[in-house]
$ cat run.txt   # compact mmCIF, N, CA and C atoms
# COMPACT_ATOMS: atom_id res chain seq x y z
N MET A 11 -23.08 -48.66 -1.50
CA MET A 11 -23.67 -47.39 -1.91
C MET A 11 -23.72 -46.41 -0.75
N LYS A 12 -24.06 -46.92 0.46
CA LYS A 12 -24.13 -46.05 1.63
C LYS A 12 -22.77 -45.45 1.96
N ARG A 13 -21.70 -46.18 1.64
CA ARG A 13 -20.36 -45.67 1.90
C ARG A 13 -19.96 -44.61 0.88
N LEU A 14 -20.52 -44.67 -0.29
CA LEU A 14 -20.18 -43.71 -1.33
C LEU A 14 -20.88 -42.36 -1.15
N LEU A 15 -22.04 -42.40 -0.50
CA LEU A 15 -22.81 -41.17 -0.32
C LEU A 15 -22.04 -40.12 0.50
N PRO A 16 -21.46 -40.46 1.66
CA PRO A 16 -20.69 -39.44 2.39
C PRO A 16 -19.48 -38.95 1.59
N LEU A 17 -18.85 -39.84 0.85
CA LEU A 17 -17.72 -39.46 0.02
C LEU A 17 -18.16 -38.48 -1.07
N PHE A 18 -19.30 -38.76 -1.68
CA PHE A 18 -19.84 -37.87 -2.71
C PHE A 18 -20.12 -36.48 -2.14
N PHE A 19 -20.76 -36.41 -0.96
CA PHE A 19 -21.07 -35.11 -0.36
C PHE A 19 -19.80 -34.37 0.07
N SER A 20 -18.80 -35.10 0.53
CA SER A 20 -17.52 -34.47 0.89
C SER A 20 -16.87 -33.85 -0.35
N PHE A 21 -16.91 -34.59 -1.45
CA PHE A 21 -16.35 -34.10 -2.70
C PHE A 21 -17.12 -32.88 -3.19
N LEU A 22 -18.43 -32.92 -3.09
CA LEU A 22 -19.27 -31.80 -3.50
C LEU A 22 -18.98 -30.56 -2.65
N LEU A 23 -18.80 -30.75 -1.35
CA LEU A 23 -18.48 -29.65 -0.44
C LEU A 23 -17.11 -29.05 -0.80
N LEU A 24 -16.17 -29.89 -1.11
CA LEU A 24 -14.84 -29.43 -1.50
C LEU A 24 -14.92 -28.58 -2.77
N LEU A 25 -15.67 -29.04 -3.75
CA LEU A 25 -15.83 -28.28 -4.99
C LEU A 25 -16.52 -26.94 -4.75
N THR A 26 -17.51 -26.93 -3.90
CA THR A 26 -18.22 -25.69 -3.58
C THR A 26 -17.28 -24.71 -2.90
N GLY A 27 -16.45 -25.17 -1.99
CA GLY A 27 -15.48 -24.32 -1.31
C GLY A 27 -14.49 -23.73 -2.28
N CYS A 28 -14.02 -24.51 -3.23
CA CYS A 28 -13.08 -24.01 -4.23
C CYS A 28 -13.73 -22.97 -5.12
N GLY A 29 -14.98 -23.17 -5.44
CA GLY A 29 -15.68 -22.23 -6.29
C GLY A 29 -15.86 -20.88 -5.64
N ALA A 30 -16.02 -20.83 -4.33
CA ALA A 30 -16.21 -19.55 -3.64
C ALA A 30 -14.98 -18.69 -3.77
N GLY A 31 -13.78 -19.28 -3.69
CA GLY A 31 -12.56 -18.50 -3.85
C GLY A 31 -12.45 -17.94 -5.25
N GLY A 32 -12.86 -18.70 -6.24
CA GLY A 32 -12.79 -18.24 -7.61
C GLY A 32 -13.73 -17.08 -7.88
N ALA A 33 -14.86 -17.04 -7.18
CA ALA A 33 -15.83 -15.98 -7.41
C ALA A 33 -15.24 -14.62 -7.09
N SER A 34 -14.44 -14.51 -6.02
CA SER A 34 -13.84 -13.22 -5.69
C SER A 34 -12.79 -12.84 -6.73
N GLU A 35 -12.12 -13.81 -7.32
CA GLU A 35 -11.13 -13.52 -8.34
C GLU A 35 -11.80 -13.09 -9.65
N GLU A 36 -13.04 -13.50 -9.87
CA GLU A 36 -13.74 -13.15 -11.09
C GLU A 36 -14.01 -11.65 -11.18
N LYS A 37 -14.03 -10.95 -10.01
CA LYS A 37 -14.22 -9.50 -10.02
C LYS A 37 -13.11 -8.83 -10.82
N GLY A 38 -11.91 -9.39 -10.73
CA GLY A 38 -10.78 -8.82 -11.45
C GLY A 38 -10.06 -7.72 -10.69
N TYR A 39 -10.52 -7.40 -9.50
CA TYR A 39 -9.85 -6.40 -8.67
C TYR A 39 -9.93 -6.85 -7.23
N GLN A 40 -9.14 -6.21 -6.38
CA GLN A 40 -9.17 -6.56 -4.96
C GLN A 40 -9.74 -5.40 -4.16
N GLN A 41 -10.55 -5.72 -3.19
CA GLN A 41 -11.06 -4.71 -2.28
C GLN A 41 -10.15 -4.71 -1.06
N ILE A 42 -9.66 -3.53 -0.67
CA ILE A 42 -8.77 -3.42 0.47
C ILE A 42 -9.29 -2.35 1.42
N SER A 43 -8.75 -2.33 2.62
CA SER A 43 -9.15 -1.32 3.60
C SER A 43 -8.44 -0.01 3.30
N GLN A 44 -8.92 1.05 3.88
CA GLN A 44 -8.27 2.34 3.70
C GLN A 44 -6.89 2.34 4.34
N GLU A 45 -6.73 1.61 5.40
CA GLU A 45 -5.42 1.49 6.04
C GLU A 45 -4.43 0.80 5.11
N GLU A 46 -4.87 -0.26 4.44
CA GLU A 46 -4.00 -0.95 3.49
C GLU A 46 -3.66 -0.03 2.32
N ALA A 47 -4.64 0.75 1.85
CA ALA A 47 -4.39 1.68 0.75
C ALA A 47 -3.34 2.71 1.16
N LYS A 48 -3.46 3.25 2.35
CA LYS A 48 -2.51 4.24 2.84
C LYS A 48 -1.11 3.65 2.94
N GLU A 49 -1.00 2.42 3.44
CA GLU A 49 0.29 1.73 3.51
C GLU A 49 0.91 1.59 2.12
N MET A 50 0.09 1.22 1.14
CA MET A 50 0.58 1.08 -0.23
C MET A 50 1.04 2.42 -0.77
N MET A 51 0.28 3.48 -0.50
CA MET A 51 0.65 4.82 -0.96
C MET A 51 2.01 5.25 -0.39
N ASP A 52 2.23 4.88 0.86
CA ASP A 52 3.45 5.29 1.55
C ASP A 52 4.66 4.43 1.22
N SER A 53 4.46 3.22 0.71
CA SER A 53 5.57 2.29 0.57
C SER A 53 5.91 1.86 -0.85
N GLN A 54 5.07 2.23 -1.83
CA GLN A 54 5.35 1.80 -3.20
C GLN A 54 4.77 2.78 -4.20
N GLU A 55 5.14 2.60 -5.44
CA GLU A 55 4.62 3.46 -6.50
C GLU A 55 3.22 3.00 -6.87
N VAL A 56 2.26 3.91 -6.69
CA VAL A 56 0.87 3.61 -7.01
C VAL A 56 0.26 4.79 -7.74
N LEU A 57 -0.81 4.53 -8.44
CA LEU A 57 -1.62 5.58 -9.04
C LEU A 57 -2.91 5.63 -8.24
N ILE A 58 -3.21 6.80 -7.68
CA ILE A 58 -4.44 6.97 -6.91
C ILE A 58 -5.48 7.54 -7.86
N LEU A 59 -6.57 6.82 -8.03
CA LEU A 59 -7.58 7.19 -9.02
C LEU A 59 -8.89 7.59 -8.33
N ASP A 60 -9.26 8.85 -8.52
CA ASP A 60 -10.53 9.39 -8.01
C ASP A 60 -11.54 9.29 -9.15
N VAL A 61 -12.64 8.58 -8.93
CA VAL A 61 -13.61 8.35 -10.01
C VAL A 61 -14.89 9.16 -9.82
N ARG A 62 -14.82 10.22 -9.01
CA ARG A 62 -15.97 11.11 -8.83
C ARG A 62 -16.01 12.12 -9.97
N GLU A 63 -16.87 13.10 -9.86
CA GLU A 63 -16.98 14.15 -10.87
C GLU A 63 -16.03 15.30 -10.54
N GLN A 64 -15.78 16.16 -11.52
CA GLN A 64 -14.82 17.25 -11.38
C GLN A 64 -15.10 18.13 -10.16
N ASP A 65 -16.36 18.52 -9.96
CA ASP A 65 -16.69 19.41 -8.83
C ASP A 65 -16.43 18.73 -7.49
N GLU A 66 -16.65 17.43 -7.42
CA GLU A 66 -16.37 16.69 -6.19
C GLU A 66 -14.86 16.64 -5.93
N TYR A 67 -14.11 16.37 -7.00
CA TYR A 67 -12.65 16.33 -6.91
C TYR A 67 -12.12 17.69 -6.45
N ASP A 68 -12.65 18.76 -7.03
CA ASP A 68 -12.21 20.11 -6.69
C ASP A 68 -12.49 20.47 -5.24
N SER A 69 -13.54 19.90 -4.67
CA SER A 69 -13.89 20.22 -3.29
C SER A 69 -13.01 19.50 -2.28
N GLY A 70 -12.22 18.56 -2.71
CA GLY A 70 -11.29 17.85 -1.84
C GLY A 70 -10.98 16.46 -2.36
N HIS A 71 -9.69 16.13 -2.40
CA HIS A 71 -9.27 14.81 -2.89
C HIS A 71 -8.01 14.36 -2.16
N ILE A 72 -7.70 13.11 -2.30
CA ILE A 72 -6.49 12.55 -1.70
C ILE A 72 -5.29 13.11 -2.45
N PRO A 73 -4.25 13.57 -1.73
CA PRO A 73 -3.08 14.13 -2.40
C PRO A 73 -2.50 13.19 -3.46
N GLY A 74 -2.26 13.75 -4.63
CA GLY A 74 -1.69 12.98 -5.73
C GLY A 74 -2.71 12.23 -6.57
N ALA A 75 -3.98 12.30 -6.19
CA ALA A 75 -5.00 11.56 -6.94
C ALA A 75 -5.22 12.17 -8.32
N VAL A 76 -5.51 11.29 -9.27
CA VAL A 76 -5.81 11.67 -10.64
C VAL A 76 -7.31 11.44 -10.86
N LEU A 77 -7.95 12.36 -11.55
CA LEU A 77 -9.39 12.26 -11.78
C LEU A 77 -9.70 11.51 -13.08
N LEU A 78 -10.58 10.53 -12.97
CA LEU A 78 -11.15 9.83 -14.13
C LEU A 78 -12.57 9.43 -13.74
N PRO A 79 -13.55 10.30 -14.01
CA PRO A 79 -14.93 10.00 -13.59
C PRO A 79 -15.40 8.65 -14.13
N VAL A 80 -16.09 7.91 -13.29
CA VAL A 80 -16.52 6.56 -13.64
C VAL A 80 -17.31 6.54 -14.94
N GLY A 81 -18.13 7.56 -15.18
CA GLY A 81 -18.95 7.58 -16.38
C GLY A 81 -18.18 7.82 -17.66
N SER A 82 -16.92 8.20 -17.54
CA SER A 82 -16.12 8.48 -18.73
C SER A 82 -15.03 7.42 -18.97
N ILE A 83 -15.10 6.30 -18.23
CA ILE A 83 -14.09 5.26 -18.42
C ILE A 83 -14.35 4.49 -19.70
N THR A 84 -13.40 4.62 -20.61
CA THR A 84 -13.38 3.86 -21.85
C THR A 84 -11.97 3.31 -22.01
N GLU A 85 -11.75 2.49 -22.98
CA GLU A 85 -10.41 1.97 -23.22
C GLU A 85 -9.43 3.12 -23.46
N GLU A 86 -9.87 4.12 -24.23
CA GLU A 86 -9.01 5.25 -24.57
C GLU A 86 -8.74 6.15 -23.36
N SER A 87 -9.79 6.52 -22.63
CA SER A 87 -9.59 7.41 -21.48
C SER A 87 -8.77 6.74 -20.39
N ALA A 88 -8.98 5.46 -20.18
CA ALA A 88 -8.20 4.73 -19.18
C ALA A 88 -6.73 4.67 -19.58
N ALA A 89 -6.46 4.43 -20.87
CA ALA A 89 -5.08 4.35 -21.35
C ALA A 89 -4.35 5.68 -21.19
N GLU A 90 -5.06 6.79 -21.31
CA GLU A 90 -4.43 8.10 -21.12
C GLU A 90 -3.97 8.29 -19.68
N VAL A 91 -4.77 7.81 -18.74
CA VAL A 91 -4.48 8.00 -17.33
C VAL A 91 -3.61 6.87 -16.78
N ILE A 92 -3.84 5.65 -17.28
CA ILE A 92 -3.13 4.46 -16.79
C ILE A 92 -2.49 3.75 -18.00
N PRO A 93 -1.33 4.21 -18.43
CA PRO A 93 -0.73 3.62 -19.65
C PRO A 93 -0.32 2.16 -19.52
N GLU A 94 0.06 1.74 -18.32
CA GLU A 94 0.52 0.36 -18.11
C GLU A 94 -0.60 -0.50 -17.52
N LYS A 95 -0.93 -1.58 -18.20
CA LYS A 95 -2.03 -2.45 -17.75
C LYS A 95 -1.73 -3.14 -16.43
N ASP A 96 -0.43 -3.25 -16.05
CA ASP A 96 -0.09 -3.90 -14.79
C ASP A 96 0.26 -2.91 -13.69
N ALA A 97 -0.04 -1.64 -13.88
CA ALA A 97 0.22 -0.63 -12.86
C ALA A 97 -0.64 -0.90 -11.63
N THR A 98 -0.13 -0.51 -10.46
CA THR A 98 -0.90 -0.62 -9.23
C THR A 98 -1.78 0.62 -9.12
N VAL A 99 -3.10 0.41 -9.16
CA VAL A 99 -4.06 1.51 -9.17
C VAL A 99 -4.99 1.38 -7.97
N LEU A 100 -5.03 2.43 -7.15
CA LEU A 100 -5.91 2.48 -5.98
C LEU A 100 -7.10 3.35 -6.33
N VAL A 101 -8.30 2.79 -6.29
CA VAL A 101 -9.50 3.46 -6.78
C VAL A 101 -10.42 3.83 -5.61
N TYR A 102 -10.89 5.10 -5.61
CA TYR A 102 -11.86 5.53 -4.61
C TYR A 102 -12.87 6.49 -5.21
N CYS A 103 -13.95 6.72 -4.47
CA CYS A 103 -14.97 7.69 -4.88
C CYS A 103 -15.46 8.41 -3.63
N ARG A 104 -16.73 8.73 -3.56
CA ARG A 104 -17.27 9.41 -2.38
C ARG A 104 -17.58 8.41 -1.27
N SER A 105 -18.37 7.37 -1.61
CA SER A 105 -18.81 6.44 -0.57
C SER A 105 -18.42 4.99 -0.82
N GLY A 106 -17.94 4.67 -2.00
CA GLY A 106 -17.51 3.31 -2.31
C GLY A 106 -18.31 2.61 -3.38
N ASN A 107 -19.41 3.19 -3.84
CA ASN A 107 -20.21 2.54 -4.89
C ASN A 107 -19.60 2.72 -6.27
N ARG A 108 -19.31 3.96 -6.63
CA ARG A 108 -18.74 4.21 -7.96
C ARG A 108 -17.34 3.60 -8.10
N SER A 109 -16.60 3.53 -7.00
CA SER A 109 -15.25 2.96 -7.09
C SER A 109 -15.32 1.46 -7.42
N LYS A 110 -16.31 0.77 -6.91
CA LYS A 110 -16.47 -0.64 -7.26
C LYS A 110 -16.81 -0.79 -8.75
N THR A 111 -17.70 0.05 -9.23
CA THR A 111 -18.07 0.03 -10.65
C THR A 111 -16.85 0.32 -11.52
N ALA A 112 -16.08 1.33 -11.13
CA ALA A 112 -14.89 1.71 -11.89
C ALA A 112 -13.83 0.61 -11.86
N ALA A 113 -13.61 0.02 -10.68
CA ALA A 113 -12.62 -1.05 -10.56
C ALA A 113 -12.98 -2.23 -11.45
N LYS A 114 -14.26 -2.57 -11.47
CA LYS A 114 -14.71 -3.67 -12.33
C LYS A 114 -14.51 -3.32 -13.80
N ALA A 115 -14.84 -2.09 -14.18
CA ALA A 115 -14.68 -1.67 -15.57
C ALA A 115 -13.21 -1.72 -15.99
N LEU A 116 -12.32 -1.27 -15.12
CA LEU A 116 -10.89 -1.29 -15.43
C LEU A 116 -10.38 -2.73 -15.55
N ALA A 117 -10.84 -3.59 -14.67
CA ALA A 117 -10.45 -5.00 -14.75
C ALA A 117 -10.93 -5.62 -16.06
N GLU A 118 -12.14 -5.27 -16.48
CA GLU A 118 -12.68 -5.79 -17.74
C GLU A 118 -11.89 -5.27 -18.94
N LEU A 119 -11.23 -4.12 -18.78
CA LEU A 119 -10.39 -3.58 -19.85
C LEU A 119 -8.99 -4.19 -19.85
N GLY A 120 -8.73 -5.09 -18.89
CA GLY A 120 -7.46 -5.81 -18.86
C GLY A 120 -6.45 -5.31 -17.84
N TYR A 121 -6.83 -4.37 -16.99
CA TYR A 121 -5.92 -3.91 -15.95
C TYR A 121 -5.86 -4.95 -14.84
N THR A 122 -4.65 -5.22 -14.35
CA THR A 122 -4.48 -6.34 -13.42
C THR A 122 -4.12 -5.93 -12.00
N GLY A 123 -3.76 -4.68 -11.78
CA GLY A 123 -3.34 -4.24 -10.45
C GLY A 123 -4.31 -3.28 -9.81
N ILE A 124 -5.59 -3.59 -9.88
CA ILE A 124 -6.64 -2.68 -9.40
C ILE A 124 -7.02 -3.02 -7.95
N TYR A 125 -7.00 -2.00 -7.11
CA TYR A 125 -7.38 -2.13 -5.71
C TYR A 125 -8.42 -1.06 -5.39
N GLU A 126 -9.56 -1.48 -4.90
CA GLU A 126 -10.65 -0.56 -4.57
C GLU A 126 -10.69 -0.41 -3.05
N PHE A 127 -10.72 0.86 -2.57
CA PHE A 127 -10.68 1.06 -1.12
C PHE A 127 -11.77 1.98 -0.58
N GLY A 128 -12.87 2.10 -1.29
CA GLY A 128 -14.04 2.78 -0.74
C GLY A 128 -14.13 4.25 -1.05
N GLY A 129 -14.59 5.02 -0.06
CA GLY A 129 -14.91 6.42 -0.30
C GLY A 129 -14.15 7.40 0.55
N ILE A 130 -14.06 8.61 0.05
CA ILE A 130 -13.33 9.67 0.73
C ILE A 130 -14.06 10.16 1.98
N THR A 131 -15.37 9.91 2.07
CA THR A 131 -16.12 10.38 3.25
C THR A 131 -15.63 9.73 4.54
N THR A 132 -15.01 8.55 4.44
CA THR A 132 -14.48 7.89 5.64
C THR A 132 -12.95 7.86 5.65
N TRP A 133 -12.31 8.58 4.74
CA TRP A 133 -10.84 8.61 4.64
C TRP A 133 -10.29 9.38 5.85
N PRO A 134 -9.53 8.72 6.73
CA PRO A 134 -9.06 9.38 7.94
C PRO A 134 -7.73 10.14 7.79
N TYR A 135 -7.22 10.19 6.58
CA TYR A 135 -5.91 10.80 6.35
C TYR A 135 -6.06 12.15 5.63
N GLU A 136 -4.96 12.68 5.18
CA GLU A 136 -4.92 14.00 4.55
C GLU A 136 -5.76 14.08 3.29
N VAL A 137 -6.41 15.24 3.13
CA VAL A 137 -7.17 15.57 1.92
C VAL A 137 -6.73 16.96 1.50
N GLU A 138 -6.58 17.17 0.20
CA GLU A 138 -6.20 18.51 -0.29
C GLU A 138 -7.28 19.06 -1.21
N GLN A 139 -7.29 20.39 -1.31
CA GLN A 139 -8.27 21.05 -2.17
C GLN A 139 -7.59 21.83 -3.28

$ encode --input "run.txt" --output "structure tokens"
Amino acid sequence: MKRLLPLFFSFLLLLTGCGAGGASEEKGYQQISQEEAKEMMDSQEVLILDVREQDEYDSGHIPGAVLLPVGSITEESAAEVIPEKDATVLVYCRSGNRSKTAAKALAELGYTGIYEFGGITTWPYEVEQ
């Protein structure tokens, strides 16, 4: 019995470790750095999604970004902006809170290529008005 106890705890630790990896996948989206987002923008076809409100978007946004306020995300509104469920979508807001909410909502609607990269307040690259 004493020999089985360490084996049991090792097995339990292994299962716990595996579960932690699954928890991040349960979000349904990936969180990336702003540098990674910029690299993706420069090297592949992506949809840049601004989930702030219209007045915030008008005051400055990332070039090429499309507006879809987080409070208006529904299956229909998302489909108008993101027709392909497997499209690569980079999501941002002002500080990173609404973008996480939006990324989760899009993942729950079945979108599989969602990447959340925080807020425009710390965006070190070009912004247009």

$ closest_atom_pairs --input "run.txt" --of "stretch 102-126 of chain A" --to "stretch 82-95 of chain A" --cutoff "7 Å" --atoms "only C-alpha atoms" --output "Markdown table"
| residue | atom | partner | partner_atom | distance |
| --- | --- | --- | --- | --- |
| A:Leu119 | CA | A:Glu85 | CA | 6.5 |
| A:Gly120 | CA | A:Lys95 | CA | 6.5 |
| A:Tyr121 | CA | A:Lys95 | CA | 4.5 |
| A:Thr122 | CA | A:Lys95 | CA | 6.3 |

$ residues_around --input "run.txt" --residues "A:His71" --least-positions-apart "6" --cutoff "6 Å" --atoms "all atoms listed in the file" --output "PDB file with N, CA and C atoms, keeping the file's coordinate frame"
ATOM      1  N   GLU A 136      -4.960  12.680   5.180  1.00  0.00           N
ATOM      2  CA  GLU A 136      -4.920  14.000   4.550  1.00  0.00           C
ATOM      3  C   GLU A 136      -5.760  14.080   3.290  1.00  0.00           C
ATOM      4  N   VAL A 137      -6.410  15.240   3.130  1.00  0.00           N
ATOM      5  CA  VAL A 137      -7.170  15.570   1.920  1.00  0.00           C
ATOM      6  C   VAL A 137      -6.730  16.960   1.500  1.00  0.00           C
ATOM      7  N   GLU A 138      -6.580  17.170   0.200  1.00  0.00           N
ATOM      8  CA  GLU A 138      -6.200  18.510  -0.290  1.00  0.00           C
ATOM      9  C   GLU A 138      -7.280  19.060  -1.210  1.00  0.00           C
ATOM     10  N   GLN A 139      -7.290  20.390  -1.310  1.00  0.00           N
ATOM     11  CA  GLN A 139      -8.270  21.050  -2.170  1.00  0.00           C
ATOM     12  C   GLN A 139      -7.590  21.830  -3.280  1.00  0.00           C
TER      13      GLN A 139
END

$ closest_residue --input "run.txt" --among "A:Ser109, A:Tyr39, A:Gln44, A:Met50" --to "A:Arg62" --atoms "only N, CA and C atoms"
A:Ser109

$ residues_around --input "run.txt" --residues "A:Phe127" --least-positions-apart "5" --cutoff "8 Å" --atoms "all atoms listed in the file" --output "list in words"
Gln40, Gln41, Ile42, Ser43, Gln44, Glu45, Glu46, Ala47, Val99, Leu100, Val101, Tyr102, Cys103, Ser105, Gly106, Ser109 and Lys110 of chain A

$ atom_distance --input "run.txt" --atom1 "atom CA of A:Ala115" --atom2 "atom C of A:Tyr135"
26.7 Å

$ residues_around --input "run.txt" --residues "A:Ala117" --least-positions-apart "5" --cutoff "8 Å" --atoms "only N, CA and C atoms" --output "PyMOL selection string"
chain A and resi 37-39+111-112+122-124

$ write_last_selection --input "run.txt" --atoms "N, CA and C atoms" --output "compact mmCIF listing (two decimals), keeping the file's coordinate frame"
# COMPACT_ATOMS: atom_id res chain seq x y z
N LYS A 37 -14.03 -10.95 -10.01
CA LYS A 37 -14.22 -9.50 -10.02
C LYS A 37 -13.11 -8.83 -10.82
N GLY A 38 -11.91 -9.39 -10.73
CA GLY A 38 -10.78 -8.82 -11.45
C GLY A 38 -10.06 -7.72 -10.69
N TYR A 39 -10.52 -7.40 -9.50
CA TYR A 39 -9.85 -6.40 -8.67
C TYR A 39 -9.93 -6.85 -7.23
N THR A 111 -17.70 0.05 -9.23
CA THR A 111 -18.07 0.03 -10.65
C THR A 111 -16.85 0.32 -11.52
N ALA A 112 -16.08 1.33 -11.13
CA ALA A 112 -14.89 1.71 -11.89
C ALA A 112 -13.83 0.61 -11.86
N THR A 122 -4.65 -5.22 -14.35
CA THR A 122 -4.48 -6.34 -13.42
C THR A 122 -4.12 -5.93 -12.00
N GLY A 123 -3.76 -4.68 -11.78
CA GLY A 123 -3.34 -4.24 -10.45
C GLY A 123 -4.31 -3.28 -9.81
N ILE A 124 -5.59 -3.59 -9.88
CA ILE A 124 -6.64 -2.68 -9.40
C ILE A 124 -7.02 -3.02 -7.95

$ atom_distance --input "run.txt" --atom1 "atom CA of A:Gly128" --atom2 "atom C of A:Leu116"
16.2 Å

$ select_by_dssp --input "run.txt" --residues "stretch 24-134 of chain A" --states "helix (DSSP H, G or I)" --output "MDAnalysis selection string"
chainID A and resid 24:36 44:53 64:69 80:82 85:91 107:118 130:132

$ atom_distance --input "run.txt" --atom1 "atom C of A:Leu57" --atom2 "atom C of A:Thr98"
5.2 Å

$ select_by_dssp --input "run.txt" --residues "stretch 33-102 of chain A" --states "strand (DSSP E)" --output "list in words"
Gln40, Gln41, Leu57, Ile58, Leu59, Asp60, Val76, Leu77, Thr98, Val99, Leu100, Val101 and Tyr102 of chain A

$ decode --input "run.txt" --residues "stretch 46-113 of chain A" --atoms "C-alpha atoms" --output "mmCIF file, in the first residue's frame"
data_model
loop_
_atom_site.group_PDB
_atom_site.id
_atom_site.type_symbol
_atom_site.label_atom_id
_atom_site.label_comp_id
_atom_site.auth_asym_id
_atom_site.auth_seq_id
_atom_site.Cartn_x
_atom_site.Cartn_y
_atom_site.Cartn_z
ATOM 1 C CA GLU A 46 2.253 39.040 -32.312
ATOM 2 C CA ALA A 47 -0.915 40.750 -33.550
ATOM 3 C CA LYS A 48 1.123 43.222 -35.604
ATOM 4 C CA GLU A 49 3.171 40.371 -37.111
ATOM 5 C CA MET A 50 -0.049 38.595 -38.090
ATOM 6 C CA MET A 51 -1.443 41.798 -39.620
ATOM 7 C CA ASP A 52 1.708 42.230 -41.682
ATOM 8 C CA SER A 53 2.104 38.621 -42.820
ATOM 9 C CA GLN A 54 -1.348 37.119 -43.400
ATOM 10 C CA GLU A 55 -4.962 37.868 -44.147
ATOM 11 C CA VAL A 56 -6.708 38.848 -40.930
ATOM 12 C CA LEU A 57 -9.806 40.718 -39.858
ATOM 13 C CA ILE A 58 -9.053 43.375 -37.245
ATOM 14 C CA LEU A 59 -12.084 43.783 -35.010
ATOM 15 C CA ASP A 60 -12.575 46.877 -32.839
ATOM 16 C CA VAL A 61 -15.232 46.154 -30.203
ATOM 17 C CA ARG A 62 -15.477 49.657 -28.706
ATOM 18 C CA GLU A 63 -18.303 52.115 -29.342
ATOM 19 C CA GLN A 64 -18.666 54.243 -32.490
ATOM 20 C CA ASP A 65 -17.374 57.468 -30.894
ATOM 21 C CA GLU A 66 -14.287 55.667 -29.584
ATOM 22 C CA TYR A 67 -13.647 54.143 -33.008
ATOM 23 C CA ASP A 68 -14.052 57.559 -34.652
ATOM 24 C CA SER A 69 -11.498 59.110 -32.301
ATOM 25 C CA GLY A 70 -8.824 56.666 -33.485
ATOM 26 C CA HIS A 71 -8.516 53.030 -34.540
ATOM 27 C CA ILE A 72 -6.042 50.572 -35.983
ATOM 28 C CA PRO A 73 -5.873 50.914 -39.788
ATOM 29 C CA GLY A 74 -8.252 48.507 -41.486
ATOM 30 C CA ALA A 75 -10.180 47.731 -38.314
ATOM 31 C CA VAL A 76 -13.887 46.956 -38.553
ATOM 32 C CA LEU A 77 -16.244 48.106 -35.806
ATOM 33 C CA LEU A 78 -18.505 45.651 -33.970
ATOM 34 C CA PRO A 79 -19.304 46.964 -30.476
ATOM 35 C CA VAL A 80 -19.185 44.214 -27.874
ATOM 36 C CA GLY A 81 -22.731 44.989 -26.710
ATOM 37 C CA SER A 82 -24.131 44.370 -30.176
ATOM 38 C CA ILE A 83 -22.526 40.967 -30.834
ATOM 39 C CA THR A 84 -25.178 38.483 -31.864
ATOM 40 C CA GLU A 85 -25.072 35.561 -34.249
ATOM 41 C CA GLU A 86 -26.508 37.811 -36.980
ATOM 42 C CA SER A 87 -24.288 40.858 -36.411
ATOM 43 C CA ALA A 88 -21.171 38.702 -36.177
ATOM 44 C CA ALA A 89 -22.052 36.889 -39.416
ATOM 45 C CA GLU A 90 -22.374 40.229 -41.231
ATOM 46 C CA VAL A 91 -18.876 41.263 -40.193
ATOM 47 C CA ILE A 92 -17.227 37.809 -40.072
ATOM 48 C CA PRO A 93 -18.895 35.570 -42.681
ATOM 49 C CA GLU A 94 -16.413 32.695 -42.306
ATOM 50 C CA LYS A 95 -16.370 30.892 -38.947
ATOM 51 C CA ASP A 96 -12.707 29.914 -39.460
ATOM 52 C CA ALA A 97 -11.472 33.413 -40.368
ATOM 53 C CA THR A 98 -8.503 34.782 -38.443
ATOM 54 C CA VAL A 99 -9.921 37.592 -36.290
ATOM 55 C CA LEU A 100 -7.786 39.907 -34.147
ATOM 56 C CA VAL A 101 -9.914 41.527 -31.433
ATOM 57 C CA TYR A 102 -9.108 44.684 -29.458
ATOM 58 C CA CYS A 103 -10.827 47.410 -27.444
ATOM 59 C CA ARG A 104 -9.625 50.337 -25.320
ATOM 60 C CA SER A 105 -7.874 48.553 -22.457
ATOM 61 C CA GLY A 106 -8.425 44.816 -22.997
ATOM 62 C CA ASN A 107 -11.547 44.072 -20.943
ATOM 63 C CA ARG A 108 -14.219 44.313 -23.627
ATOM 64 C CA SER A 109 -12.009 42.494 -26.130
ATOM 65 C CA LYS A 110 -11.859 39.457 -23.841
ATOM 66 C CA THR A 111 -15.644 39.499 -23.483
ATOM 67 C CA ALA A 112 -16.070 39.841 -27.249
ATOM 68 C CA ALA A 113 -13.534 37.099 -28.018
#
